[in-house]
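Q: Submitted below is the structure of interest, expressed as C-alpha cells.
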Protein chains: 4
Amino acid sequence: MIKVGIVGGTGYTGVELLRLLAAHPEVSLTAITSRQDAGKEVSHVFPNLRGQVALSFTDPQSTDLFACDLVFFATPNGIAMKEAPKLLERGVKVIDLAADFRIKDIALWQQWYGMEHTSPEWVKQAVYGLPEVNRAAIKTAQLVANPGCYPTAVQLAFIPLIKAGVVNTQNLIADAKSGVSGAGRKSEVHTLFSEASDNFKAYGASGHRHLPEISEQLSRYHDPEVNLIFTPHLTPLIRGIHATCYATLTAATDLQKLFEEHYAKEPFVDVMPFGSHPETRSVRASNLCRIALHQPQQGQTVVILSVIDNLVKGAAGQAVQNMNLMFGLPETLGLTQLPILP
Amino acid sequence: MIKVGIVGGTGYTGVELLRLLAAHPEVSLTAITSRQDAGKEVSHVFPNLRGQVALSFTDPQSTDLFACDLVFFATPNGIAMKEAPKLLERGVKVIDLAADFRIKDIALWQQWYGMEHTSPEWVKQAVYGLPEVNRAAIKTAQLVANPGCYPTAVQLAFIPLIKAGVVNTQNLIADAKSGVSGAGRKSEVHTLFSEASDNFKAYGASGHRHLPEISEQLSRYHDPEVNLIFTPHLTPLIRGIHATCYATLTAATDLQKLFEEHYAKEPFVDVMPFGSHPETRSVRASNLCRIALHQPQQGQTVVILSVIDNLVKGAAGQAVQNMNLMFGLPETLGLTQLPILP
Amino acid sequence: MIKVGIVGGTGYTGVELLRLLAAHPEVSLTAITSRQDAGKEVSHVFPNLRGQVALSFTDPQSTDLFACDLVFFATPNGIAMKEAPKLLERGVKVIDLAADFRIKDIALWQQWYGMEHTSPEWVKQAVYGLPEVNRAAIKTAQLVANPGCYPTAVQLAFIPLIKAGVVNTQNLIADAKSGVSGAGRKSEVHTLFSEASDNFKAYGASGHRHLPEISEQLSRYHDPEVNLIFTPHLTPLIRGIHATCYATLTAATDLQKLFEEHYAKEPFVDVMPFGSHPETRSVRASNLCRIALHQPQQGQTVVILSVIDNLVKGAAGQAVQNMNLMFGLPETLGLTQLPILP
Amino acid sequence: MIKVGIVGGTGYTGVELLRLLAAHPEVSLTAITSRQDAGKEVSHVFPNLRGQVALSFTDPQSTDLFACDLVFFATPNGIAMKEAPKLLERGVKVIDLAADFRIKDIALWQQWYGMEHTSPEWVKQAVYGLPEVNRAAIKTAQLVANPGCYPTAVQLAFIPLIKAGVVNTQNLIADAKSGVSGAGRKSEVHTLFSEASDNFKAYGASGHRHLPEISEQLSRYHDPEVNLIFTPHLTPLIRGIHATCYATLTAATDLQKLFEEHYAKEPFVDVMPFGSHPETRSVRASNLCRIALHQPQQGQTVVILSVIDNLVKGAAGQAVQNMNLMFGLPETLGLTQLPILP
C-alpha cells in the first residue's frame, strides 16, 4: 500500500483526488491538510464522501508528511515550490497539481505567474506528467509536474500532427471551452451560479497562463518554437473541457490513420471515427480523452476536437495515472470507472 | 456469472443499467433489445460506453432471452406485463423497472395507468423491490417490481415514523422535486433544455401515478389506509430527487434515534445528523439515500428530507441491488462507486 | 420627474432597480452609492447597462442624498436602520429593500437578525409594502418596508383563504423554492456555479428569517397567531420563486371564485385556471405573480401554487410599484415589460 | 398601425416576435397561424403572454393574410418559398425568418438545404436583412430575408476588417457557440435538458448550412470569394451566440478605431473597449450585438469576439428592426428594452 498525503485538499482537485484515491486498491490515505478547514471532517466539507473517507483535515504546519511515500500538492500556485523541496530532500515523491514545476523557462514562468520562483533547481528535475508523452521518464521521476487542464486537452489534439511534421506550426489556434469547476472552489463573484449560468464568455483572450505551458511543450518537437493562439472560454457546465483546434496542413496525410496509430496503445485516449463530435459528458468523471478529426470542405485546415473532464484527465485522474506509473502499478488501476451519462 | 438481458435499453434507465452492469464482477451482459435502435452499437447511442460495452441493440422479436438467468425490463409501462410472463414461465428471473407489477390492487392500477392489465396473476407473485422493506422476500422472488423513483425517496422518509406509530397517517404531505432525467429520454417539448432549464414548476399536483404506489405500500403498516398529499415538481437538474416530507407527531419521540436505529444496518441509507440538509449531488451517480430530520420551532410537525439519484437508487441501482439479493451475492456488489461531486 | 437615489447598488437588487428605473418615464436617476465599487462606472460592473446608464458608483459618505425625492436602500440588513433616519427627518421618502423595517415586533426582529435595532421608532411608522394588502397606506407613506421575496409569494397564496376564514390557520405549510439570485451577489462558496448547479437542497428547514415576517403579516387577519411551517429550498435557476402552499379547509368554498374575486382588480396577480401549474419562467423579468389552485382527491387539503420573479415582484419591481403609489403615478408605470420566455 | 400576421408562430422565433410586437406601439397583431396548435389560445402555449396577447392560433389554410400590411414567416425552411409569393403578388410585405431567400446562388441553396427551390425569382428580389449592411435597400424592400443567427454574429465581426482590406480573406475562422434555443422548439432527443445540459459539443464541424450564407455575404466585398472555416457548437444556455472569429492581418491597422468608426452610428452594435470580453448575458433579451477585439501577443492574428441574443438580434428583433425600416418608423422603435442580467 502506498502511503499518500494530500496538501491543500479543500478545492475541487482535492475532493476529486479523494474520490479516486478512496477507491484505489493500493492506496492508504494518510493525511490531508487544509489551513482553512483544519479540524473539520473531510465528509463534512464534501458530503459525497460521508461514510467513505474517515479523515479530518489537519493544519499543514502540524502534519507529519515525511512518513508518506507520495504527497500530492493540490494547492494554489506558489505553495509547492516552497513546501515540496523539504519532502523531496527526504525522499518523498511529489506530484504537484499546480503550475510550479510545469515550465522549464524560469523567467517565462515568473513573467506569467507574477512571483519569483523559489526552487528553480527542482524545476529542472521535475518531469512533465503527460503520460502519453513522458511515460518512461515519469516511471523514474521523484517529482512530477501534473499538466494543466487546457494543456492536456490541447496537446493531445496537436501532438500527432506536429510530431508527424504535417502542419504549419506557426499558425496554430486552440479555441478552448471549460466548465466552471476549472476556476476552483474559491468564493468569487464571476463564478457564482447567477453570473456563470445561462452565460458564455471568453476570458484571457489576450493572454492566459496555460499558453506558455502548451507552447513550451509543443515546441519540444519542433524548431522554431510553435506559434499558438489560445482562447479560453467559460461555459455553463460543471466539468468538461472542449478544445477546438485548428491547424493548416502542409502535406497530404491520412489524418485518421495518423491519430489512430499514434494513440493505438493509449488506455485513456479514444480516437473516434472521422467526422465525429465528441461530447464533454461522454468523458464525465472519467480519465478519458476523446478526439475526433474534421477536414472542412476537404481544404487545408484540419479541425481537431478534443474533450476531457478537467477534474480527472485534466487534474486528479492524470495525477493518479502518474502515481501508478511512479510506483510500478498498472497504469489504469483505480481509473476504470465508466463515464456518467446523462 | 449471471447471464443478463435487458429489454428496452435506449432510455436513461437502460444506459444506467449498462453502466452499472458493465462494471459488475458477476454479470455477463448477454443481450440488449431496442425496437427503434436495433442494429446500432450501444456505444453509438451512448458514447460514454465506447470501448466498454461491445453489444449492439437487437430487435426484441428476434432476440433469444430464454438463455438469460435474469432479464431487466427497462421498457415503458405496459410492455413487461405482456412480455415477461413467457420468460417467467420458462424459469427466467425478471426485474421490471416500469410500473406493471408495482400495485397489487389491479383496479386501482388500471385506473391510474389507463389500460387493462394483462397478467394480474403475476402481479400477485411479484415482490415489491424495496430491499429496506422486503429483503427476505426479494431473495427468493422470481419477479421483482422495482419501485418508482419518487416512491423510493418518499417511503424511506416515512416508514420509520409510520411503523413506530408516532405520526398521524391521515395527514401526510410529500412535496417532491425531481431532476429532468426522471421524465426519460423521449423527445418531448416540455423536457427540452430551453423549456426545462432556468425554470421550476409543479406537475400532477392534482394526482400523479406514484401516489397510489406510495399509498398502497405505506398502508401495509397501518389501518386505515394512509392519506397522503403528493406534489411532484420538475427542477432543472439532470439527476436527483429531493423529497420534503411533512407529518404531524402524535407522540413524543426521539426522532433521530428512531431513524438511526431503523436504518442502522442498511448499506444504502445514510441518516445524517439532526438538522442537516442533504443535497442531491451528495448521492449523484450512487445508490445511496440520505435522510435528515427537522422539527421546526419544536412543534408537532416533523420534516423529513430525503435525497436519492433517481436513476440509481430510484431505478437501475436499486434493480442491481435486487439482482444481488435474488442471486445470493453481496448486496452492495457493483454498487460501491462514490458519488460524483462537484 | 422623481429624483431617485440608490444606496448600495452593486447587488442583484441594485442592478434590477437600475434596469427598471432607467426605463421609467418619470424617474431621474441621481445617485447610486457603493462602498466597494465607488468610482467605477455602473456599466462596467453591469455590462447589460452599457450605453443606458451613465452614472458611476459614488462613496456613500461623500454622496448628497438630501436632494433626492426618494432613496432606495438596496443594502444588507442593518444599514438602512442607521442611514435612513437622517434622510427621513429631512423629508426624503425611503423604500428599504432589506429587512430593517419589515417586522413590527422589535424583540422578534432582534432575535432573528442577531443585532440590536437602532431605530425602532421608524419601524412603527414604516408601512409594509405589499400593495395588494396595504395600497392605501403605501400611498401616504414616507417609509416603506419592501417585503421579502419568499414572503411576497407565500402571502399572496394564503391571504384570500385566511381572510375568508376557510382554512385552519394552525396548520399551514409553505414549501418554497428559490433561484440562486435570491442569495445575492456576494462571493460565497455555496452559491458558486459548481456548487449550486445540478443540485437541489433545502436550507433553513429548522428556521428561516422570512418565517416571522410571514407569520406576523398573516396574523393580522386572525387571532390567534397563525402557525406556519416554512421550508425554503435552493434550486438551480437564476430568477424565480415557486411556493407550494398547503392548508386544511374548514369550510366548503368555491376556491377558484374566492381567488378570482379577491385579485380581480390587481394588475400584477394572475389567478390561473383551476388545476394549472404556473412556471417560474412565465413571470421571468416581470412584476407578475401567478397563482393556481389544486384540491387533490377532492379532499380537505388545498394546494396553492404561487410563482414570482424574486428580483422583480420579490424585490425591485415591487419597490417600483410602491414608488409609483407613493408619488401618485399609475401603479404599473415602468412595469409592463412582458416576461421573457424561453 | 401596421397590420401584422405571423405564419408559424409556435416556435421560439414566434413567441419572441409576439413578445416584441405585443409591446410595439405601431403594430396591430392581426393573425397568427399554426398547423399543430390551431384553435389554442396563444397564451395557453406561451404562458408568459397570458393577459397580454388575446389571439388564438388559426389554421394557415383558413386564415386571410391578405389584409395584413406585413407577414412574418417564422416557419421551417421550405415553407415561405411556397406560401409567400401569393402574398407578395397581392402587395403584402414579407419578412422571412427562415433560410428560403437568404442565398442568391440557387444551386448552392439547393445543395445545402436538400430541396428544390420553388420561387427563385423572388430570391432575386429579396433583400438580405442585415440593416448594418443593407439599410437603404431594406427601406424599399417588399421581401426581406432575415439573416441567420450565426451569420449575424459572424458578419458583424468580420465586415469592418474585410471592407477595410486589412485581413487575409483566404484564412478566416469562425468558432461559434450557440445556446440551445437556436435549435428551435421541436421535440428532439439531442436538445432534451438531460442531453444538452452539463454538456458541450461541436456539431456540423465538417459543414453547416450557415456557412454558404456567411461566405456569400462576406464575398460581396471581395474577390476572390472568402475562404471561411465555420465550427458551430452547442452550449448549455437558453439564449445567446458567442462568435470567436480569427483573421490574419495583412496590414498595420488601428483595429479599435476601425471598428468604432465603422459602427459609430449603429444603434444596435456596441464596440467595447479593446481587450474586453463580451458576455452573452450582457445582451440577453435585447437586440444588441457587442463586439470586442484582441491581438494576442501583438501578433498577426486578430481575434474578434461578438455576442448576440440568437432569438432577438439573431431572429425576431432583427426582423422587427427590418420592419421598422420597411415602414419608415424609427429603427429602434419597440426594441429598446434593456438586457436582462442576471
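Going by the C-alpha cells order, chains are called A, B, ..., each with residues numbered from 1, while ligands are numbered from 1 in the order shown.
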Report as JSON lines the residues of chain B within 12 Å of chain D, each with its shortest atom pair and distance in Å (one decimal), using only C-alpha atoms, ordered by chain and increasing residue number.

A:
{"residue": "B:Thr10", "atom": "CA", "partner": "D:Val189", "partner_atom": "CA", "distance": 11.4}
{"residue": "B:Gly11", "atom": "CA", "partner": "D:Val189", "partner_atom": "CA", "distance": 10.6}
{"residue": "B:Tyr12", "atom": "CA", "partner": "D:Ser194", "partner_atom": "CA", "distance": 9.3}
{"residue": "B:Val45", "atom": "CA", "partner": "D:His190", "partner_atom": "CA", "distance": 10.9}
{"residue": "B:Phe46", "atom": "CA", "partner": "D:Glu195", "partner_atom": "CA", "distance": 10.7}
{"residue": "B:Pro47", "atom": "CA", "partner": "D:Glu195", "partner_atom": "CA", "distance": 11.8}
{"residue": "B:Gly179", "atom": "CA", "partner": "D:Ser194", "partner_atom": "CA", "distance": 8.7}
{"residue": "B:Val180", "atom": "CA", "partner": "D:Ser194", "partner_atom": "CA", "distance": 6.3}
{"residue": "B:Ser181", "atom": "CA", "partner": "D:Ser194", "partner_atom": "CA", "distance": 5.6}
{"residue": "B:Gly182", "atom": "CA", "partner": "D:Ser194", "partner_atom": "CA", "distance": 9.3}
{"residue": "B:Ala183", "atom": "CA", "partner": "D:Ser194", "partner_atom": "CA", "distance": 9.3}
{"residue": "B:Gly184", "atom": "CA", "partner": "D:Ser194", "partner_atom": "CA", "distance": 8.6}
{"residue": "B:Arg185", "atom": "CA", "partner": "D:Val189", "partner_atom": "CA", "distance": 6.7}
{"residue": "B:Lys186", "atom": "CA", "partner": "D:Val189", "partner_atom": "CA", "distance": 6.6}
{"residue": "B:Ser187", "atom": "CA", "partner": "D:Glu188", "partner_atom": "CA", "distance": 4.7}
{"residue": "B:Glu188", "atom": "CA", "partner": "D:Ser187", "partner_atom": "CA", "distance": 4.7}
{"residue": "B:Val189", "atom": "CA", "partner": "D:Ser187", "partner_atom": "CA", "distance": 4.8}
{"residue": "B:His190", "atom": "CA", "partner": "D:Ser187", "partner_atom": "CA", "distance": 8.4}
{"residue": "B:Thr191", "atom": "CA", "partner": "D:Leu192", "partner_atom": "CA", "distance": 5.8}
{"residue": "B:Leu192", "atom": "CA", "partner": "D:Leu192", "partner_atom": "CA", "distance": 4.0}
{"residue": "B:Phe193", "atom": "CA", "partner": "D:Phe193", "partner_atom": "CA", "distance": 3.7}
{"residue": "B:Ser194", "atom": "CA", "partner": "D:Ile238", "partner_atom": "CA", "distance": 5.3}
{"residue": "B:Glu195", "atom": "CA", "partner": "D:Phe193", "partner_atom": "CA", "distance": 8.1}
{"residue": "B:Ala196", "atom": "CA", "partner": "D:Phe193", "partner_atom": "CA", "distance": 6.4}
{"residue": "B:Ser197", "atom": "CA", "partner": "D:Phe193", "partner_atom": "CA", "distance": 6.9}
{"residue": "B:Asp198", "atom": "CA", "partner": "D:Ile238", "partner_atom": "CA", "distance": 8.4}
{"residue": "B:Asn199", "atom": "CA", "partner": "D:Ile238", "partner_atom": "CA", "distance": 11.0}
{"residue": "B:Leu234", "atom": "CA", "partner": "D:Phe193", "partner_atom": "CA", "distance": 11.4}
{"residue": "B:Thr235", "atom": "CA", "partner": "D:Phe193", "partner_atom": "CA", "distance": 10.7}
{"residue": "B:Pro236", "atom": "CA", "partner": "D:Phe193", "partner_atom": "CA", "distance": 7.9}
{"residue": "B:Leu237", "atom": "CA", "partner": "D:Ser194", "partner_atom": "CA", "distance": 7.9}
{"residue": "B:Ile238", "atom": "CA", "partner": "D:Ser194", "partner_atom": "CA", "distance": 5.3}
{"residue": "B:Arg239", "atom": "CA", "partner": "D:Ser194", "partner_atom": "CA", "distance": 8.4}
{"residue": "B:Gly240", "atom": "CA", "partner": "D:Ser194", "partner_atom": "CA", "distance": 11.8}
{"residue": "B:Leu311", "atom": "CA", "partner": "D:Ser194", "partner_atom": "CA", "distance": 12.0}
{"residue": "B:Pro342", "atom": "CA", "partner": "D:Asp198", "partner_atom": "CA", "distance": 11.6}

Q: Which residues, written as a PyMOL selection string, have at least one atom at most 8 Å from segment 255-267 of chain D, with only C-alpha atoms counted and residues fewer than 2 positions away on the same chain left out?

A: chain D and resi 132+160-161+253+269-271+273-274+293+332

Q: Just the selected residues (N, CA and C atoms), exported as an mmCIF file, in the first residue's frame, please.

A:
data_model
loop_
_atom_site.group_PDB
_atom_site.id
_atom_site.type_symbol
_atom_site.label_atom_id
_atom_site.label_comp_id
_atom_site.auth_asym_id
_atom_site.auth_seq_id
_atom_site.Cartn_x
_atom_site.Cartn_y
_atom_site.Cartn_z
ATOM 1 N N GLU D 132 -27.196 46.765 -40.829
ATOM 2 C CA GLU D 132 -25.900 47.414 -40.758
ATOM 3 C C GLU D 132 -25.204 47.395 -42.120
ATOM 4 N N PRO D 160 -16.013 44.856 -40.895
ATOM 5 C CA PRO D 160 -15.114 46.026 -40.923
ATOM 6 C C PRO D 160 -13.720 45.675 -41.425
ATOM 7 N N LEU D 161 -13.235 44.503 -41.079
ATOM 8 C CA LEU D 161 -11.894 44.088 -41.492
ATOM 9 C C LEU D 161 -11.831 43.803 -42.994
ATOM 10 N N THR D 253 -2.911 48.258 -38.769
ATOM 11 C CA THR D 253 -4.199 48.941 -38.681
ATOM 12 C C THR D 253 -4.484 49.299 -37.227
ATOM 13 N N VAL D 269 -25.115 48.078 -32.408
ATOM 14 C CA VAL D 269 -23.784 47.472 -32.341
ATOM 15 C C VAL D 269 -22.939 48.267 -31.356
ATOM 16 N N ASP D 270 -22.451 47.574 -30.344
ATOM 17 C CA ASP D 270 -21.659 48.212 -29.292
ATOM 18 C C ASP D 270 -20.221 47.706 -29.386
ATOM 19 N N VAL D 271 -19.314 48.574 -29.796
ATOM 20 C CA VAL D 271 -17.899 48.206 -29.819
ATOM 21 C C VAL D 271 -17.315 48.507 -28.442
ATOM 22 N N PRO D 273 -14.439 48.441 -25.242
ATOM 23 C CA PRO D 273 -13.019 48.805 -25.201
ATOM 24 C C PRO D 273 -12.131 47.640 -25.638
ATOM 25 N N PHE D 274 -11.013 47.959 -26.263
ATOM 26 C CA PHE D 274 -10.075 46.944 -26.742
ATOM 27 C C PHE D 274 -9.708 45.991 -25.605
ATOM 28 N N LEU D 293 -12.259 43.390 -29.434
ATOM 29 C CA LEU D 293 -11.101 42.984 -30.240
ATOM 30 C C LEU D 293 -9.914 42.615 -29.365
ATOM 31 N N THR D 332 -35.267 51.955 -33.979
ATOM 32 C CA THR D 332 -35.188 51.304 -32.669
ATOM 33 C C THR D 332 -36.549 51.133 -32.004
#

Q: What's the 9 Å shell around Gly207 of chain B, counting only C-alpha atoms, without same-chain residues fewer than 6 positions away, as a PyMOL selection string?

A: (chain B and resi 229-231) or (chain C and resi 296-297)

Q: Once you have the residues from the selection above, write them out as a CSV table (one decimal), in the first residue's frame, restricted to N, CA, C and O atoms.

A:
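Wrote result_8.csv, looks like this:
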chain,number,residue,atom,x,y,z
B,229,ILE,N,-50.9,13.6,0.6
B,229,ILE,CA,-50.8,14.6,-0.5
B,229,ILE,C,-49.5,14.5,-1.1
B,229,ILE,O,-48.5,14.6,-0.4
B,230,PHE,N,-49.4,14.3,-2.4
B,230,PHE,CA,-48.1,14.1,-3.1
B,230,PHE,C,-48.0,15.1,-4.2
B,230,PHE,O,-48.8,15.1,-5.1
B,231,THR,N,-47.1,16.0,-4.1
B,231,THR,CA,-46.9,17.1,-5.1
B,231,THR,C,-45.5,17.0,-5.8
B,231,THR,O,-44.5,17.3,-5.2
C,296,PRO,N,-56.3,18.1,-4.2
C,296,PRO,CA,-56.1,16.7,-4.6
C,296,PRO,C,-57.1,15.8,-4.0
C,296,PRO,O,-57.5,15.9,-2.8
C,297,GLN,N,-57.5,14.8,-4.9
C,297,GLN,CA,-58.5,13.8,-4.5
C,297,GLN,C,-59.8,14.5,-3.8
C,297,GLN,O,-60.4,13.8,-2.9

Q: Write out as a ChimeraX atom specification each polymer residue whose atoms come within 7 Å of segment 301-309 of chain A, counting only C-alpha atoms; drop sequence neighbours fewer than 2 positions from it.

A: /A:153,157,239-249,278-280,283-286,288-295,299,311-314

Q: Kindly give the distance, in Å, that separates atom CA of Val4 of chain A and atom CA of Glu121 of chain A, rounded to a single decimal.

A: 24.5 Å

Q: What's the 9 Å shell around Gly204 of chain A, counting only C-alpha atoms, without same-chain residues fewer than 4 positions away, as number ranges by chain?

A: A: 208-209, 230-233; D: 275, 277

Q: For the selection you just gave me, I'd like the residues written to a file as a compact mmCIF listing (two decimals), in the first residue's frame, keeping N, CA, C and O atoms.

A:
# COMPACT_ATOMS: atom_id res chain seq x y z
N HIS A 208 -3.14 33.97 -21.61
CA HIS A 208 -3.56 33.13 -20.48
C HIS A 208 -2.37 32.26 -20.08
O HIS A 208 -1.59 31.83 -20.92
N ARG A 209 -2.26 31.99 -18.79
CA ARG A 209 -1.10 31.28 -18.26
C ARG A 209 -0.84 29.91 -18.86
O ARG A 209 0.26 29.39 -18.77
N PHE A 230 -4.31 30.99 -28.32
CA PHE A 230 -5.08 30.18 -27.36
C PHE A 230 -6.17 31.06 -26.75
O PHE A 230 -5.88 32.06 -26.10
N THR A 231 -7.42 30.70 -26.99
CA THR A 231 -8.54 31.49 -26.46
C THR A 231 -9.40 30.63 -25.56
O THR A 231 -10.16 29.78 -26.02
N PRO A 232 -9.30 30.84 -24.24
CA PRO A 232 -10.16 30.08 -23.33
C PRO A 232 -11.53 30.76 -23.15
O PRO A 232 -11.65 31.97 -23.27
N HIS A 233 -12.53 29.94 -22.90
CA HIS A 233 -13.90 30.43 -22.68
C HIS A 233 -14.49 29.73 -21.46
O HIS A 233 -14.13 28.59 -21.17
N GLY D 275 -9.73 44.70 -25.90
CA GLY D 275 -9.34 43.72 -24.89
C GLY D 275 -10.47 43.29 -23.97
O GLY D 275 -10.26 42.54 -23.02
N HIS D 277 -14.14 41.39 -22.92
CA HIS D 277 -14.72 40.06 -23.16
C HIS D 277 -16.23 40.16 -23.04
O HIS D 277 -16.76 40.07 -21.93

Q: Mind pulling up the distance from atom CA of Ala145 of chain B to atom CA of Phe101 of chain B?

A: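 Going from atom CA of Phe101 of chain B over to atom CA of Ala145 of chain B covers 5.2 Å.
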
Q: To one decimal place, how far is atom CA of Ala74 of chain D from atom CA of Lys201 of chain D in Å?

A: 26.8 Å

Q: Counting only C-alpha atoms, what is within 8 Å of Ser34 of chain B, bar same-chain residues fewer than 5 positions away, as a list in words?

A: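 Here the answer would be Val7, Gly8, Gly9, Thr10, Phe57, Thr58, Asp59 and Pro60 of chain B.
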
Q: Please extract the residues of segment 40-223 of chain C with a backbone DSSP assignment of helix (DSSP H, G or I) and present them as a ChimeraX atom specification.

A: /C:42-45,47-49,60-62,80-89,106-113,120-125,131-139,149-164,180-183,193-196,210-221

Q: Excluding Phe72 of chain D and its own-chain neighbours fewer than 2 positions away, which residues fall within 10 Å of it when counting only C-alpha atoms? Please give them as a list in words.

A: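 What passes the distance filter is Val4, Gly5, Ile6, Val7, Gly8, Gly9, Gly14, Leu17, Ile32, Leu70, Ala74, Thr75, Ala80, Ala84, Lys93, Val94, Ile95, Asp96, Leu97, Ala98, Val144, Asn146, Ala316, Ala319, Val320 and Met323 of chain D.
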
Q: Put those residues in a file: N, CA, C and O atoms, as an mmCIF file, in the first residue's frame.

A:
data_model
loop_
_atom_site.group_PDB
_atom_site.id
_atom_site.type_symbol
_atom_site.label_atom_id
_atom_site.label_comp_id
_atom_site.auth_asym_id
_atom_site.auth_seq_id
_atom_site.Cartn_x
_atom_site.Cartn_y
_atom_site.Cartn_z
ATOM 1 N N VAL D 4 -50.213 43.240 -38.790
ATOM 2 C CA VAL D 4 -49.169 42.222 -38.892
ATOM 3 C C VAL D 4 -49.745 40.824 -38.722
ATOM 4 O O VAL D 4 -50.551 40.571 -37.825
ATOM 5 N N GLY D 5 -49.323 39.916 -39.593
ATOM 6 C CA GLY D 5 -49.620 38.494 -39.432
ATOM 7 C C GLY D 5 -48.340 37.708 -39.220
ATOM 8 O O GLY D 5 -47.265 38.118 -39.665
ATOM 9 N N ILE D 6 -48.466 36.603 -38.508
ATOM 10 C CA ILE D 6 -47.315 35.712 -38.304
ATOM 11 C C ILE D 6 -47.719 34.323 -38.760
ATOM 12 O O ILE D 6 -48.741 33.789 -38.313
ATOM 13 N N VAL D 7 -46.939 33.752 -39.644
ATOM 14 C CA VAL D 7 -47.186 32.379 -40.079
ATOM 15 C C VAL D 7 -46.227 31.464 -39.339
ATOM 16 O O VAL D 7 -45.010 31.650 -39.394
ATOM 17 N N GLY D 8 -46.790 30.494 -38.621
ATOM 18 C CA GLY D 8 -45.932 29.537 -37.915
ATOM 19 C C GLY D 8 -45.428 30.100 -36.612
ATOM 20 O O GLY D 8 -44.234 30.276 -36.419
ATOM 21 N N GLY D 9 -46.359 30.336 -35.716
ATOM 22 C CA GLY D 9 -45.971 31.080 -34.526
ATOM 23 C C GLY D 9 -45.687 30.253 -33.292
ATOM 24 O O GLY D 9 -45.632 30.810 -32.201
ATOM 25 N N GLY D 14 -41.281 32.546 -33.034
ATOM 26 C CA GLY D 14 -42.644 33.035 -32.979
ATOM 27 C C GLY D 14 -42.977 33.711 -31.668
ATOM 28 O O GLY D 14 -43.504 34.827 -31.642
ATOM 29 N N LEU D 17 -41.192 37.008 -31.424
ATOM 30 C CA LEU D 17 -41.872 38.018 -32.232
ATOM 31 C C LEU D 17 -43.093 38.548 -31.497
ATOM 32 O O LEU D 17 -43.336 39.761 -31.431
ATOM 33 N N ILE D 32 -52.177 34.942 -36.275
ATOM 34 C CA ILE D 32 -51.016 34.088 -36.081
ATOM 35 C C ILE D 32 -51.446 32.663 -36.371
ATOM 36 O O ILE D 32 -52.427 32.178 -35.807
ATOM 37 N N LEU D 70 -48.053 43.401 -43.401
ATOM 38 C CA LEU D 70 -46.781 42.694 -43.313
ATOM 39 C C LEU D 70 -47.030 41.315 -42.718
ATOM 40 O O LEU D 70 -47.771 41.187 -41.745
ATOM 41 N N ALA D 74 -42.325 32.603 -39.680
ATOM 42 C CA ALA D 74 -41.476 32.003 -38.651
ATOM 43 C C ALA D 74 -41.595 30.489 -38.769
ATOM 44 O O ALA D 74 -41.734 29.767 -37.797
ATOM 45 N N THR D 75 -41.525 30.035 -39.991
ATOM 46 C CA THR D 75 -41.774 28.635 -40.353
ATOM 47 C C THR D 75 -40.461 27.896 -40.581
ATOM 48 O O THR D 75 -39.412 28.506 -40.717
ATOM 49 N N ALA D 80 -41.893 29.227 -46.625
ATOM 50 C CA ALA D 80 -42.097 30.589 -47.132
ATOM 51 C C ALA D 80 -41.948 30.651 -48.651
ATOM 52 O O ALA D 80 -42.681 31.387 -49.326
ATOM 53 N N ALA D 84 -45.212 32.503 -49.464
ATOM 54 C CA ALA D 84 -45.054 33.955 -49.503
ATOM 55 C C ALA D 84 -45.401 34.581 -50.848
ATOM 56 O O ALA D 84 -45.977 35.684 -50.893
ATOM 57 N N LYS D 93 -46.199 42.962 -47.727
ATOM 58 C CA LYS D 93 -44.763 42.861 -47.468
ATOM 59 C C LYS D 93 -44.490 41.603 -46.642
ATOM 60 O O LYS D 93 -45.329 41.169 -45.854
ATOM 61 N N VAL D 94 -43.303 41.039 -46.846
ATOM 62 C CA VAL D 94 -42.971 39.780 -46.181
ATOM 63 C C VAL D 94 -41.553 39.841 -45.601
ATOM 64 O O VAL D 94 -40.632 40.331 -46.260
ATOM 65 N N ILE D 95 -41.425 39.364 -44.374
ATOM 66 C CA ILE D 95 -40.103 39.118 -43.791
ATOM 67 C C ILE D 95 -40.041 37.637 -43.462
ATOM 68 O O ILE D 95 -40.849 37.136 -42.690
ATOM 69 N N ASP D 96 -39.089 36.943 -44.078
ATOM 70 C CA ASP D 96 -38.931 35.500 -43.837
ATOM 71 C C ASP D 96 -37.802 35.282 -42.845
ATOM 72 O O ASP D 96 -36.655 35.650 -43.109
ATOM 73 N N LEU D 97 -38.135 34.674 -41.716
ATOM 74 C CA LEU D 97 -37.104 34.410 -40.716
ATOM 75 C C LEU D 97 -36.393 33.085 -40.942
ATOM 76 O O LEU D 97 -35.439 32.765 -40.237
ATOM 77 N N ALA D 98 -36.863 32.316 -41.920
ATOM 78 C CA ALA D 98 -36.172 31.077 -42.277
ATOM 79 C C ALA D 98 -35.156 31.380 -43.379
ATOM 80 O O ALA D 98 -34.851 32.539 -43.662
ATOM 81 N N VAL D 144 -37.972 40.718 -47.393
ATOM 82 C CA VAL D 144 -36.689 40.731 -46.688
ATOM 83 C C VAL D 144 -36.368 39.323 -46.204
ATOM 84 O O VAL D 144 -37.209 38.657 -45.602
ATOM 85 N N ASN D 146 -34.527 37.580 -43.582
ATOM 86 C CA ASN D 146 -33.892 37.862 -42.292
ATOM 87 C C ASN D 146 -32.693 36.917 -42.106
ATOM 88 O O ASN D 146 -32.827 35.709 -42.288
ATOM 89 N N ALA D 316 -35.895 37.424 -34.150
ATOM 90 C CA ALA D 316 -37.112 38.238 -34.080
ATOM 91 C C ALA D 316 -36.822 39.734 -33.951
ATOM 92 O O ALA D 316 -37.528 40.566 -34.528
ATOM 93 N N ALA D 319 -35.781 41.110 -37.190
ATOM 94 C CA ALA D 319 -36.958 41.171 -38.066
ATOM 95 C C ALA D 319 -37.785 42.428 -37.767
ATOM 96 O O ALA D 319 -38.281 43.094 -38.677
ATOM 97 N N VAL D 320 -37.921 42.757 -36.484
ATOM 98 C CA VAL D 320 -38.660 43.972 -36.126
ATOM 99 C C VAL D 320 -37.874 45.214 -36.571
ATOM 100 O O VAL D 320 -38.456 46.195 -37.064
ATOM 101 N N MET D 323 -38.625 45.542 -40.069
ATOM 102 C CA MET D 323 -39.984 46.061 -40.225
ATOM 103 C C MET D 323 -40.005 47.577 -40.043
ATOM 104 O O MET D 323 -40.612 48.308 -40.828
#

Q: Using only C-alpha atoms, which residue out of C:Val42, C:Ala22, C:Leu143, C:Val53 lies closest to Glu89 of chain C?

A: C:Leu143

Q: Could you give me the residues within segment 81-253 of chain C that DSSP places in strand (DSSP E), as a PyMOL selection string?

A: chain C and resi 93-96+127-128+143-145+172-178+201-202+228-234+241-248
